[in-house]
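Enquirer: One structure, as structure tokens, below. Some questions next.
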Amino acid sequence: MHTHKEEVVLHVHASNDNLAEHVQEILKEQNIYAVNVMGAPGVGKTTTLENIIKHLKGAVYVLEGDIESDIDTQRLCKQNIAARQINTFGACHLDAPLIHKAVHDWQFEKDGFLFIENVGNLVCPAEFSIGENIKMLIVSVTDGSDKPYKYPLAFEKAGIIILNKIDLLPHVDFDEKFFMDGVRHLNKDVPVFKVCGKTGEGFQAVAEFLKKIKSCKL
């Protein structure tokens with residue numbers, strides 16, 4: 001019984017990964033650089049996207065992943081950001097089949113960035129490739145400095161880490177050295193950017209990094 005369960009899980013992951021590769025091929029043909037945005041609920045994923053997009057020239061597209069509602073999609077659309085909603089209706093993460101359908105239904109008019117805001121969760125989104133070029137992990141100082149130790153896979157797979165809400169550092173118990181030691185143990189070279197969603201501090205450097213890596217990868 002245990003062996004059968006493992007075989008099913010392996011099959012699901014293999015099927016997902018094959019479709020994720022196809023998604024990446026579709027996006028590469030259109031010169032679209034896909035960013036899988038991961039983070040726990042409340043870390044400021046949508047606010048982070050708003051701040052990054054301000055510093056990006058050219059086309060930007062956003063797929064908003066949530067279990068229910070389209071609140072964040074409406075919020076972005078009001079700012080004339082091209083955004084579409086994906087609801088999982090219970091699933092704790094986005095997967096390649098959902099993204100595959102979304103990119104097939106969306107005619108990208110210009111090359112640029114596609115930000116895919118995953119469901120708020122530090123576990124499942126890290127396990128599934130969705131055709132992204134890079135995983136962007138957002139954490140906040142209000143989450144506590146122990147997150148790399150509790151959720152290692154998300155930090156291992158991240159190609160960029162954003163530490164948000166740094167304006168609150170004087171008011172919360174956040175051990176930055178302990179946090180960074182955990183990050184570096186898991187992911188030696190990942191760039192870590194300290195930002196403030198409230199003031200916009202630090203996001204230009206994030207945008208410059210993404211533009212540079214896009215030009216190198218596509």
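Ligands are numbered from 1 in the order shown, residues from 1 within each chain, and chains are lettered A, B, ... in the order they appear in the structure tokens.
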Give me the residues within 10 Å of A:Ala154 as a ChimeraX atom specification, counting only C-alpha atoms and dropping any in the same chain fewer than 2 places off.

Expert: /A:38-39,121-127,135-138,147-148,150-152,156-159,161,186

Enquirer: Would you please extract all alpha helix (DSSP H) residues from stretch 19-207 of chain A, as assigned by DSSP on the backbone, and give them as a ChimeraX atom specification?

Expert: /A:19-29,45-53,71-77,96-105,124-127,147-150,152-157,176-186,203-207

Enquirer: Counting only C-alpha atoms, which residue out of A:Leu114, A:Cys196, A:Ala207, A:Ala96 sits closest to A:Asn133?

Expert: A:Leu114

Enquirer: Just the residues within 7 Å of stretch 48-57 of chain A, please, counting only C-alpha atoms, with nothing from its chain fewer than 5 positions along; format it as a list in words.

Expert: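 What passes the distance filter is Gly197, Gly200, Phe203, Gln204, Val206 and Ala207 of chain A.
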
Enquirer: How would the residues just picked look written out with all heavy atoms as a PDB file, in the first residue's frame?

Expert:
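Okay, out19.pdb is ready:
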ATOM      1  N   GLY A 197       7.605  47.480   1.853  1.00  0.00           N
ATOM      2  CA  GLY A 197       6.450  47.674   0.986  1.00  0.00           C
ATOM      3  C   GLY A 197       5.745  48.985   1.241  1.00  0.00           C
ATOM      4  O   GLY A 197       5.126  49.559   0.337  1.00  0.00           O
ATOM      5  N   GLY A 200       8.493  51.714  -0.217  1.00  0.00           N
ATOM      6  CA  GLY A 200       9.072  51.430  -1.532  1.00  0.00           C
ATOM      7  C   GLY A 200      10.572  51.242  -1.504  1.00  0.00           C
ATOM      8  O   GLY A 200      11.195  51.000  -2.552  1.00  0.00           O
ATOM      9  N   PHE A 203      13.137  48.288  -3.680  1.00  0.00           N
ATOM     10  CA  PHE A 203      12.546  47.568  -4.802  1.00  0.00           C
ATOM     11  C   PHE A 203      13.206  47.860  -6.149  1.00  0.00           C
ATOM     12  O   PHE A 203      13.144  47.039  -7.060  1.00  0.00           O
ATOM     13  CB  PHE A 203      11.048  47.868  -4.886  1.00  0.00           C
ATOM     14  CG  PHE A 203      10.264  47.197  -3.804  1.00  0.00           C
ATOM     15  CD1 PHE A 203       9.816  47.920  -2.705  1.00  0.00           C
ATOM     16  CD2 PHE A 203       9.997  45.840  -3.848  1.00  0.00           C
ATOM     17  CE1 PHE A 203       9.114  47.308  -1.685  1.00  0.00           C
ATOM     18  CE2 PHE A 203       9.290  45.211  -2.838  1.00  0.00           C
ATOM     19  CZ  PHE A 203       8.845  45.952  -1.750  1.00  0.00           C
ATOM     20  N   GLN A 204      13.840  48.997  -6.273  1.00  0.00           N
ATOM     21  CA  GLN A 204      14.541  49.278  -7.523  1.00  0.00           C
ATOM     22  C   GLN A 204      15.663  48.274  -7.740  1.00  0.00           C
ATOM     23  O   GLN A 204      15.882  47.798  -8.861  1.00  0.00           O
ATOM     24  CB  GLN A 204      15.107  50.700  -7.539  1.00  0.00           C
ATOM     25  CG  GLN A 204      15.747  51.052  -8.877  1.00  0.00           C
ATOM     26  CD  GLN A 204      16.094  52.529  -8.999  1.00  0.00           C
ATOM     27  OE1 GLN A 204      15.787  53.326  -8.114  1.00  0.00           O
ATOM     28  NE2 GLN A 204      16.724  52.891 -10.099  1.00  0.00           N
ATOM     29  N   VAL A 206      15.709  45.215  -6.677  1.00  0.00           N
ATOM     30  CA  VAL A 206      15.071  43.956  -7.055  1.00  0.00           C
ATOM     31  C   VAL A 206      14.746  43.958  -8.545  1.00  0.00           C
ATOM     32  O   VAL A 206      15.024  42.983  -9.267  1.00  0.00           O
ATOM     33  CB  VAL A 206      13.783  43.719  -6.241  1.00  0.00           C
ATOM     34  CG1 VAL A 206      13.077  42.445  -6.724  1.00  0.00           C
ATOM     35  CG2 VAL A 206      14.091  43.633  -4.759  1.00  0.00           C
ATOM     36  N   ALA A 207      14.164  45.060  -9.015  1.00  0.00           N
ATOM     37  CA  ALA A 207      13.801  45.173 -10.431  1.00  0.00           C
ATOM     38  C   ALA A 207      15.035  45.093 -11.318  1.00  0.00           C
ATOM     39  O   ALA A 207      15.007  44.438 -12.377  1.00  0.00           O
ATOM     40  CB  ALA A 207      13.050  46.480 -10.673  1.00  0.00           C
TER      41      ALA A 207
END

Enquirer: I'd like the neighbourhood of A:Leu169 as a list in words, where a residue qualifies if any of its atoms comes within 12 Å (using only C-alpha atoms), though same-chain residues fewer than 4 positions away should be ignored.

Expert: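 Counting only C-alpha atoms, the residues come to Ser140, Val141, Thr142, Asp143, Gly144, Ser145, Leu163, Asn164, Lys165, Asp173, Phe174, Asp175, Glu176, Lys194, Val195 and Cys196 of chain A.
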
Enquirer: Looking at A:Glu21, A:Glu29, A:Asp70, A:Asp167, which one is nearest to A:Ile99, with distances taken over only C-alpha atoms?

Expert: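 Distance minimum relative to A:Ile99 lands on A:Glu21.
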
Enquirer: Taking into account only C-alpha atoms, which residue in the set A:Tyr149, A:Tyr33, A:Phe179, A:Phe128 is nearest to A:Asp111?

Expert: A:Tyr33

Enquirer: From a DSSP pass on the backbone, collect the residues of chain A flagged as strand (DSSP E or B) and hand them back as a PyMOL selection string.

Expert: chain A and resi 32-39+59-66+82-87+112-117+121+134-140+160-164+192-194

Enquirer: Kindly export the residues of the current selection with N, CA and C atoms, as a short mmCIF file (atom, residue, chain, number, x, y, z; two decimals), in the first residue's frame.

Expert:
data_model
loop_
_atom_site.label_atom_id
_atom_site.label_comp_id
_atom_site.auth_asym_id
_atom_site.auth_seq_id
_atom_site.Cartn_x
_atom_site.Cartn_y
_atom_site.Cartn_z
N ILE A 32 8.91 35.69 -22.72
CA ILE A 32 8.30 36.01 -21.43
C ILE A 32 9.10 35.34 -20.32
N TYR A 33 9.53 36.12 -19.35
CA TYR A 33 10.29 35.60 -18.21
C TYR A 33 9.33 35.42 -17.04
N ALA A 34 9.20 34.18 -16.56
CA ALA A 34 8.20 33.86 -15.55
C ALA A 34 8.81 33.78 -14.15
N VAL A 35 8.15 34.45 -13.21
CA VAL A 35 8.61 34.49 -11.83
C VAL A 35 7.53 33.86 -10.94
N ASN A 36 7.89 32.79 -10.26
CA ASN A 36 6.98 32.12 -9.33
C ASN A 36 7.13 32.80 -7.97
N VAL A 37 6.11 33.54 -7.57
CA VAL A 37 6.16 34.35 -6.35
C VAL A 37 5.59 33.54 -5.19
N MET A 38 6.45 33.19 -4.24
CA MET A 38 6.04 32.36 -3.12
C MET A 38 6.14 33.13 -1.81
N GLY A 39 5.31 32.76 -0.86
CA GLY A 39 5.37 33.38 0.46
C GLY A 39 4.15 33.03 1.27
N ALA A 59 6.33 45.33 -20.91
CA ALA A 59 5.11 44.64 -20.53
C ALA A 59 5.30 43.79 -19.26
N VAL A 60 4.28 43.84 -18.41
CA VAL A 60 4.26 43.03 -17.20
C VAL A 60 2.88 42.40 -17.09
N TYR A 61 2.87 41.11 -16.83
CA TYR A 61 1.62 40.36 -16.67
C TYR A 61 1.65 39.66 -15.31
N VAL A 62 0.46 39.51 -14.71
CA VAL A 62 0.38 38.87 -13.40
C VAL A 62 -0.73 37.83 -13.41
N LEU A 63 -0.41 36.64 -12.94
CA LEU A 63 -1.41 35.62 -12.63
C LEU A 63 -1.52 35.53 -11.12
N GLU A 64 -2.72 35.77 -10.61
CA GLU A 64 -2.95 35.77 -9.17
C GLU A 64 -3.55 34.44 -8.75
N GLY A 65 -2.84 33.70 -7.90
CA GLY A 65 -3.33 32.43 -7.42
C GLY A 65 -3.87 32.53 -6.00
N ASP A 66 -5.12 32.13 -5.82
CA ASP A 66 -5.76 32.12 -4.51
C ASP A 66 -6.69 30.92 -4.41
N ALA A 82 -1.90 44.32 -16.15
CA ALA A 82 -2.58 43.19 -16.78
C ALA A 82 -2.54 41.99 -15.85
N ALA A 83 -3.68 41.68 -15.23
CA ALA A 83 -3.73 40.61 -14.24
C ALA A 83 -4.93 39.71 -14.47
N ARG A 84 -4.74 38.44 -14.21
CA ARG A 84 -5.81 37.46 -14.31
C ARG A 84 -5.80 36.55 -13.08
N GLN A 85 -6.96 35.98 -12.80
CA GLN A 85 -7.13 35.21 -11.58
C GLN A 85 -7.12 33.71 -11.85
N ILE A 86 -6.49 32.97 -10.93
CA ILE A 86 -6.60 31.51 -10.88
C ILE A 86 -7.05 31.13 -9.48
N ASN A 87 -8.18 30.46 -9.35
CA ASN A 87 -8.63 29.97 -8.05
C ASN A 87 -8.46 28.45 -8.00
N GLY A 112 8.05 40.36 -22.05
CA GLY A 112 8.18 41.01 -20.75
C GLY A 112 8.23 39.99 -19.63
N PHE A 113 7.66 40.35 -18.49
CA PHE A 113 7.66 39.51 -17.29
C PHE A 113 6.26 38.99 -17.02
N LEU A 114 6.20 37.74 -16.57
CA LEU A 114 4.98 37.16 -16.05
C LEU A 114 5.23 36.78 -14.59
N PHE A 115 4.57 37.49 -13.68
CA PHE A 115 4.65 37.17 -12.27
C PHE A 115 3.47 36.28 -11.92
N ILE A 116 3.76 35.13 -11.32
CA ILE A 116 2.73 34.19 -10.93
C ILE A 116 2.70 34.14 -9.40
N GLU A 117 1.72 34.83 -8.82
CA GLU A 117 1.63 34.87 -7.37
C GLU A 117 0.97 33.59 -6.87
N ASN A 121 1.56 30.14 1.12
CA ASN A 121 1.94 28.86 1.70
C ASN A 121 3.46 28.73 1.56
N ILE A 134 12.28 31.43 -12.51
CA ILE A 134 12.90 31.64 -11.20
C ILE A 134 11.81 31.64 -10.14
N LYS A 135 12.17 31.17 -8.95
CA LYS A 135 11.29 31.24 -7.80
C LYS A 135 11.71 32.44 -6.94
N MET A 136 10.77 33.31 -6.65
CA MET A 136 11.03 34.47 -5.80
C MET A 136 10.31 34.27 -4.47
N LEU A 137 11.07 34.12 -3.41
CA LEU A 137 10.50 33.88 -2.09
C LEU A 137 10.45 35.18 -1.31
N ILE A 138 9.26 35.50 -0.80
CA ILE A 138 9.07 36.70 0.00
C ILE A 138 8.80 36.29 1.43
N VAL A 139 9.58 36.84 2.35
CA VAL A 139 9.36 36.63 3.78
C VAL A 139 9.35 38.01 4.44
N SER A 140 8.82 38.10 5.63
CA SER A 140 8.79 39.39 6.32
C SER A 140 9.37 39.25 7.71
N ILE A 160 15.76 34.06 -5.69
CA ILE A 160 15.85 35.40 -5.12
C ILE A 160 14.98 35.40 -3.87
N ILE A 161 15.48 36.01 -2.81
CA ILE A 161 14.73 36.12 -1.56
C ILE A 161 14.54 37.59 -1.22
N ILE A 162 13.33 37.94 -0.86
CA ILE A 162 13.01 39.31 -0.48
C ILE A 162 12.58 39.32 0.98
N LEU A 163 13.27 40.11 1.79
CA LEU A 163 12.93 40.28 3.19
C LEU A 163 12.15 41.59 3.32
N ASN A 164 10.87 41.47 3.56
CA ASN A 164 9.96 42.61 3.55
C ASN A 164 9.70 43.15 4.97
N VAL A 192 19.69 38.24 -1.48
CA VAL A 192 18.65 38.60 -0.51
C VAL A 192 18.52 40.12 -0.50
N PHE A 193 17.30 40.60 -0.77
CA PHE A 193 17.04 42.03 -0.82
C PHE A 193 16.15 42.43 0.34
N LYS A 194 16.56 43.47 1.07
CA LYS A 194 15.75 43.99 2.16
C LYS A 194 14.91 45.15 1.64
#
